[in-house]
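What follows is a single structure, written as structure tokens, with notes after it.
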Amino acid sequence: MKYLKLSCILVTILTVVLAACAAPTPEVIEKEVVVEKKVIETVEIEKEVVVEKEVLVTPVPEAKPYEGVEVNVLTFTGPQIAEPLQRRGPDFTALTGAKINVIVVPFSDLYTKILTDLATGTNAFDAFVFAPQWMVDYIVPGYLEDLTNRVAADEALKWEDVAPFFRDFSTTYEGRTYTIPLDGDFQMVYYRTDLLGQEGLEPPETWEDYINIAKTFHGKDLNGDGDPDYGSCISKKRGAQAYWAIWSVAACWLQSQGTGEGSFFELETMEPLVNNEAFAAVLDVYDETTAYGPPDELNLDVGDTRSLFTSGRCALSVDWGDIGTLAIDPETSVVMDKTGAVILPGTTKVLDRATGKLVDCDATTCPYAVNGVNHAPFAAFGGWSGGINATIDPKVKDAAYAFFSYMCQPAQANVDVTIGRTGYNPYRTSQFLNRQAWVEAGMSPEAASDYLGAIEASLASPNMVLDLRISQNQRYQGVVLDTAISQFLAGEITKEECMKQIYDGWEELTEEIGRESQLAAYRASLGVTK
Amino acid sequence: MQVERQPQGPAPSGLGLEAPLWKNLSQKLTTWAERLAGNVFVWPAVLVVLFLSIFPLILSLYLSLSRLRFVKGGFEINFVWLANYRKLLAGSEKRHFLGVMAGPSLVGWLVFAVVVGLLILWLVRYVRSRSFSVGGLVGRGLTTVVVSLGLWLLVRTLSPEGRPGTLVVTLIYVFVGIAVQYLLGLGLAVLATQRLPGRRFFRVVFLLPMMITPVGVAYLFRMLVDTDKGPFQPIWQALGLGLFSWVSDPWGARAAVMIGDIWQWTPFMFIVLLAALEGQSVEQIEAALVDGANRWQIFWHITLPQILPVSTTLILIRMIEAFKIVDLPNVLTNGGPGTATESLTLQAYIAWRSLDLGGSAAIAYILLLVVTFIGIAYVNLIRSRVAEE
């Protein structure tokens, strides 16, 4: 304790002595000290700057280029078509930061909803997934964004892998690309391989064969539940998607000279090809299929007929590629490995446009006939595709394009087309070539070969029938044709009245919109070669 | 501070005539201001009504005479005069709108002849009556012509080879539906006034269908009439009708729509008629009972006349409403099979959905004319009957 006290006294004395020595220091030296302090502060600031630079150099903003961007996508009420958009939306958000809102409306409202939103400048939607055959009504007034340059610069899209029909026709208008394909559509005939095998029947080659097969199985129990089932199931509901089915039957009677001949109108006069012997034969066949169909077939939408087929209640059906993938869903299908697909049946008599009469197929009248049968696979609808509103914010446009590109890229698309509930059918060459993906999805190698073979046969046909792509085609098909066919099937009007009603309705529309412009558009649409 | 009062009005000129003149002018000004004040208060309300009601009416009339066309950068509306009406009445939509007309059947001829005969008799009686006027004759003549044309359309489209269009189908929905609803509603109301066990419970139960949204009713009936998956499917199968659907038949589907509509709207008739029945005078009924009248005589001669004012108003309201039927045929049958169950409003909606705004407005205007004509004719008929009594 004594040493401690002594130490304290010594330190105090020393401090006082030193303080006494420092007292007479000149003022100049004091200023120098201040300068030294400033130098120290500067150094500290420099250190802080270095830290800030470290914070700025982070990879996060570059990895999510659309952080905070919301894209409103309008399409039709699912579950098909909307399902993959909704399922993959969060994945896309995680990758890019853009939030995808999928808004759905009934199919019958979709065309109008898009057009009124764009025409009135409401712009409630940034992007649309719709039928590409409607695009002419959206492109001519300038509502849709031209995607040509974006597609050309997008390597990840693998554009050259998209089948030529979808790349050159379905997604384009006057040589420019306006949509990104998400789906590939051809109508085909599906049949029960087990039933036809039991009866020793071949898949239908002509519509006569189709009727005979339907007649054979109609009223028999086809799925073992004890109830009578149906020979043919075709969606014939008005105001839905039934008006493509009638043209799948009609196409082979109306077009035989190749794709460029067209099947809807005369190429010189724009006169409708619906009031002649050939169309009368079409109506007879179509009406007869109803006799072998479900009792409420006139009120069935495509979803209903697909369910009936996969539940084993139909021997035959006409549909897009959906039944092929729905048939391998173990949860809903009882016809797994019992489903075959074939190109749309044909006919041995075709329309002579000069006389309006039916003539037999020969080398001149049916140059593309196979075994004397003229097939005309119908590229109905053209496949659901994504288009972008031209008037929205550029950042949102970029995000919307990136989303459609993401959905179309092989990594996503090649999986989605093998899942039945997506409603997406194959449209990329790699999807046809890589059949292993289909086998992994649950299809037998034979079924995969059969299913993809039917689509490939349709795509390869030089007599493929293109869907109508003229202004207001929705009114030609979705209103006039649909109404007259449904009235005919319900027995409200005769065959002759039906043909006259469609003819008059189409002529009236052509006059109203402008014959010259409609004819030019029709010819231009057929001028596109595969 | 004292302020000197100044004489009001212009300074006297000394002639002594200016003061009454000024007073007179002042009175005129006051009267004018009072009259103007009424207009100032009323006109804002009139303008609101004009803007919300008359202006859309004029605009839709203009739309019905034009066609929408989408052009670069937007759309344009082209005036086409009566082309949309011509399309409905004589063009490609004629079969859809008016139906397929065939030669009338024997029954059709008979009905037509009897009704036209009665209408002519009605006109002749009016000409001979004391209340004859030229205006009245023109009105009645117009009614006779329109009713005859409507009846001619009915007998031709309802003949075996014919087919009714949306106009006739709508008229069937309105007249058959309302007649059944009224009779059922009246029957239930009479039952509910009786001293029966559980009548309070049934009063609530009878009201339930009216509380359900029309789309809900349509889906309910869609499920009920589905012979493939609906609740009656086992019965249907047991009867050997598994391969037959009654709603795929045009008249079966129309019946399904009418049953749904009757089920939904009978409660409205019921509740109003119940109130009318319970509010009727008891003294007359008691007097009739004392005089030995039976139940039917009391109902026919005492009850029915008493509830007649309520009944006419009720039928008028339901008639105007029934002409606009759209939800049931749209959801239940989608207007099908074919266009068998399509009403005028549904046809207008489908035209609007395909952006044929002109066609849609033309249908709506024809509907407006039909409803207005039938409404006025009905009110005049009731008024003249009451005046006669």
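Here's how to read the names in the structure tokens: chain A, B, ... by the order shown, residue numbers from 1 in each chain, ligand numbers from 1 in the order shown.
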
Sort by chain and increasing residue number a table of all residues of chain B within 9 Å of chain A, each with its closest pair of atoms and their distance in Å to one decimal, counting only C-alpha atoms, and write it as a tab-separated table.
```
residue	atom	partner	partner_atom	distance
B:Arg67	CA	A:Glu512	CA	8.9
B:Arg69	CA	A:Ile513	CA	8.1
B:Phe70	CA	A:Pro141	CA	6.5
B:Val71	CA	A:Pro141	CA	5.0
B:Lys72	CA	A:Pro141	CA	3.4
B:Gly73	CA	A:Pro141	CA	5.1
B:Gly74	CA	A:Ala119	CA	5.2
B:Phe75	CA	A:Ala119	CA	6.7
B:Lys87	CA	A:Glu508	CA	8.9
B:Gly91	CA	A:Asp504	CA	8.1
B:Ser92	CA	A:Gly505	CA	5.3
B:Glu93	CA	A:Gly505	CA	7.8
B:Arg95	CA	A:Gln501	CA	8.3
B:His96	CA	A:Thr483	CA	8.8
B:Val100	CA	A:Ile493	CA	7.8
B:Gly162	CA	A:Glu492	CA	8.5
B:Arg163	CA	A:Glu492	CA	6.3
B:Pro164	CA	A:Glu492	CA	8.8
B:Asp226	CA	A:Asp296	CA	8.1
B:Thr227	CA	A:Asp296	CA	8.1
B:Asp228	CA	A:Asp296	CA	8.0
B:Gln237	CA	A:Asp227	CA	8.3
B:Gly242	CA	A:Pro228	CA	7.5
B:Leu243	CA	A:Pro295	CA	5.3
B:Phe244	CA	A:Pro295	CA	4.9
B:Ser245	CA	A:Pro295	CA	5.0
B:Trp246	CA	A:Asp296	CA	8.5
B:Val247	CA	A:Asp296	CA	7.4
B:Ser248	CA	A:Asp296	CA	5.7
B:Asp249	CA	A:Ala490	CA	6.8
B:Pro250	CA	A:Ala490	CA	6.8
B:Thr333	CA	A:Asn299	CA	7.2
B:Asn334	CA	A:Arg238	CA	7.2
B:Gly335	CA	A:Arg238	CA	8.1
B:Gly336	CA	A:Arg238	CA	7.0
B:Pro337	CA	A:Ala490	CA	5.4
B:Gly338	CA	A:Gln487	CA	3.7
B:Thr339	CA	A:Gln487	CA	6.0
B:Ala340	CA	A:Glu492	CA	7.5
B:Ile350	CA	A:Val479	CA	8.5
B:Ala351	CA	A:Val479	CA	8.3
B:Trp352	CA	A:Thr112	CA	8.9
B:Arg353	CA	A:Thr112	CA	6.2
B:Ser354	CA	A:Thr112	CA	6.3
B:Leu355	CA	A:Thr112	CA	6.6
B:Asp356	CA	A:Arg475	CA	8.6
```

Task: Residues near A:Thr177, cut-off 10 Å, only C-alpha atoms, skip fewer than 3 positions along chain, as a ChimeraX atom specification - done: /A:145-152,167-174,180,387

Just-selected residues, C-alpha atoms written as a PDB file, in the first residue's frame:
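This went into selection05.pdb:
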```
ATOM      1  CA  GLU A 145     -45.896  -5.485 -79.969  1.00  0.00           C
ATOM      2  CA  ASP A 146     -43.704  -6.600 -82.894  1.00  0.00           C
ATOM      3  CA  LEU A 147     -41.433  -9.269 -81.422  1.00  0.00           C
ATOM      4  CA  THR A 148     -39.313  -9.939 -84.526  1.00  0.00           C
ATOM      5  CA  ASN A 149     -36.110  -8.328 -83.254  1.00  0.00           C
ATOM      6  CA  ARG A 150     -36.475  -9.724 -79.765  1.00  0.00           C
ATOM      7  CA  VAL A 151     -36.924 -13.236 -81.114  1.00  0.00           C
ATOM      8  CA  ALA A 152     -33.909 -12.846 -83.430  1.00  0.00           C
ATOM      9  CA  ARG A 167     -42.603 -20.425 -86.700  1.00  0.00           C
ATOM     10  CA  ASP A 168     -43.598 -19.193 -90.163  1.00  0.00           C
ATOM     11  CA  PHE A 169     -47.404 -19.110 -90.058  1.00  0.00           C
ATOM     12  CA  SER A 170     -48.897 -19.376 -86.616  1.00  0.00           C
ATOM     13  CA  THR A 171     -46.789 -16.673 -84.949  1.00  0.00           C
ATOM     14  CA  THR A 172     -46.369 -14.259 -87.845  1.00  0.00           C
ATOM     15  CA  TYR A 173     -48.318 -11.652 -89.784  1.00  0.00           C
ATOM     16  CA  GLU A 174     -46.965 -10.194 -93.023  1.00  0.00           C
ATOM     17  CA  ILE A 180     -44.436 -16.696 -78.946  1.00  0.00           C
ATOM     18  CA  GLY A 387     -48.574 -11.645 -77.376  1.00  0.00           C
TER      19      GLY A 387
END
```

Task: All residues 7 Å or closer to B:Asn84, only C-alpha atoms, same chain fewer than 4 positions away omitted, as a list of chain:residue names - done: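 The residues that qualify are B:Ser64, B:Leu65, B:Leu88, B:Gly358, B:Gly359, B:Ala362.
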
Take the residues from that selection and write them out as a CSV table (one decimal), in the first residue's frame, keeping N, CA and C atoms.
```csv
chain,number,residue,atom,x,y,z
B,64,SER,N,-77.4,1.6,-82.8
B,64,SER,CA,-78.2,0.6,-83.6
B,64,SER,C,-78.2,0.9,-85.1
B,65,LEU,N,-77.9,2.2,-85.4
B,65,LEU,CA,-77.9,2.6,-86.8
B,65,LEU,C,-76.4,2.7,-87.4
B,88,LEU,N,-81.7,-8.2,-89.3
B,88,LEU,CA,-82.5,-9.0,-88.3
B,88,LEU,C,-83.9,-9.4,-88.9
B,358,GLY,N,-73.6,-2.7,-83.1
B,358,GLY,CA,-74.8,-2.2,-83.9
B,358,GLY,C,-75.9,-3.2,-83.8
B,359,GLY,N,-75.6,-4.5,-84.2
B,359,GLY,CA,-76.6,-5.6,-84.2
B,359,GLY,C,-77.2,-5.7,-82.8
B,362,ALA,N,-79.5,-2.9,-82.0
B,362,ALA,CA,-80.8,-3.0,-82.8
B,362,ALA,C,-81.7,-4.0,-82.1
```

Open item on the list: Please extract the residues of stretch 113-303 of chain B with a backbone DSSP assignment of alpha helix (DSSP H) and present them as a PyMOL selection string.
Closed with: chain B and resi 113-128+134-157+166-193+199-211+214-224+233-238+250-278+282-290+295-298

TODO: Would you list the contacts of stretch 321-328 of chain B as JSON, numbers by chain, taking every protein, DNA or RNA residue within 6 Å and counting only C-alpha atoms, but skipping same-chain residues closer than 6 positions in sequence?
DONE: {"B": [174, 215, 218, 345, 346]}

TODO: Find the spatial neighbours of stretch 64-73 of chain A, counting only C-alpha atoms, within a cut-off of 8 Å - ignore same-chain residues fewer than 6 positions away - and output them as a ChimeraX atom specification.
DONE: /A:95-103,124-129,395-396,399-400

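Residues in contact with A:Ala251 at 7 Å, where only C-alpha atoms are counted and same-chain residues fewer than 5 positions away are skipped, are listed as Ser263, Ala376, Phe378 and Val465 of chain A.
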
Quick one: write out the picked residues with all heavy atoms as a PDB file, in the first residue's frame?
```pdb
ATOM      1  N   SER A 263     -59.656 -23.630 -97.964  1.00  0.00           N
ATOM      2  CA  SER A 263     -60.872 -24.434 -97.849  1.00  0.00           C
ATOM      3  C   SER A 263     -62.100 -23.616 -97.501  1.00  0.00           C
ATOM      4  O   SER A 263     -63.196 -24.142 -97.438  1.00  0.00           O
ATOM      5  CB  SER A 263     -60.680 -25.516 -96.781  1.00  0.00           C
ATOM      6  OG  SER A 263     -60.529 -24.916 -95.519  1.00  0.00           O
ATOM      7  N   ALA A 376     -56.894 -34.084 -95.459  1.00  0.00           N
ATOM      8  CA  ALA A 376     -56.614 -32.647 -95.333  1.00  0.00           C
ATOM      9  C   ALA A 376     -56.574 -32.310 -93.847  1.00  0.00           C
ATOM     10  O   ALA A 376     -57.554 -31.825 -93.289  1.00  0.00           O
ATOM     11  CB  ALA A 376     -57.692 -31.836 -96.051  1.00  0.00           C
ATOM     12  N   PHE A 378     -56.362 -30.557 -90.471  1.00  0.00           N
ATOM     13  CA  PHE A 378     -56.771 -29.175 -90.184  1.00  0.00           C
ATOM     14  C   PHE A 378     -55.965 -28.616 -89.008  1.00  0.00           C
ATOM     15  O   PHE A 378     -56.054 -29.127 -87.898  1.00  0.00           O
ATOM     16  CB  PHE A 378     -58.270 -29.161 -89.870  1.00  0.00           C
ATOM     17  CG  PHE A 378     -58.837 -27.794 -89.594  1.00  0.00           C
ATOM     18  CD1 PHE A 378     -58.377 -26.655 -90.250  1.00  0.00           C
ATOM     19  CD2 PHE A 378     -59.873 -27.642 -88.676  1.00  0.00           C
ATOM     20  CE1 PHE A 378     -58.900 -25.409 -89.994  1.00  0.00           C
ATOM     21  CE2 PHE A 378     -60.416 -26.392 -88.419  1.00  0.00           C
ATOM     22  CZ  PHE A 378     -59.923 -25.280 -89.075  1.00  0.00           C
ATOM     23  N   VAL A 465     -54.650 -28.004 -94.069  1.00  0.00           N
ATOM     24  CA  VAL A 465     -55.628 -26.906 -94.163  1.00  0.00           C
ATOM     25  C   VAL A 465     -55.319 -25.865 -93.093  1.00  0.00           C
ATOM     26  O   VAL A 465     -55.278 -26.184 -91.900  1.00  0.00           O
ATOM     27  CB  VAL A 465     -57.058 -27.452 -93.995  1.00  0.00           C
ATOM     28  CG1 VAL A 465     -58.057 -26.313 -93.893  1.00  0.00           C
ATOM     29  CG2 VAL A 465     -57.406 -28.345 -95.160  1.00  0.00           C
TER      30      VAL A 465
END
```

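Closest approach to A:Asn371 among A:Glu205, A:Tyr190, A:Asp304, A:Gln431: A:Glu205, based on only C-alpha atoms.
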
TODO: Mind checking which residues fall within 12 Å of A:Gln257, counting only C-alpha atoms, ignoring those fewer than 3 positions away in the same chain, and posting them as a PyMOL selection string?
DONE: chain A and resi 251-254+260-263+350-353+361-369+374-376+461-465

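Here atom CA of B:Pro329 stands at a distance of 13.0 Å from atom CA of B:Trp251.
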
- [ ] Using DSSP on the backbone coordinates, identify the residues of stretch 54-231 of chain A assigned to strand (DSSP E or B); present them as a count of residues only.
- [x] 34
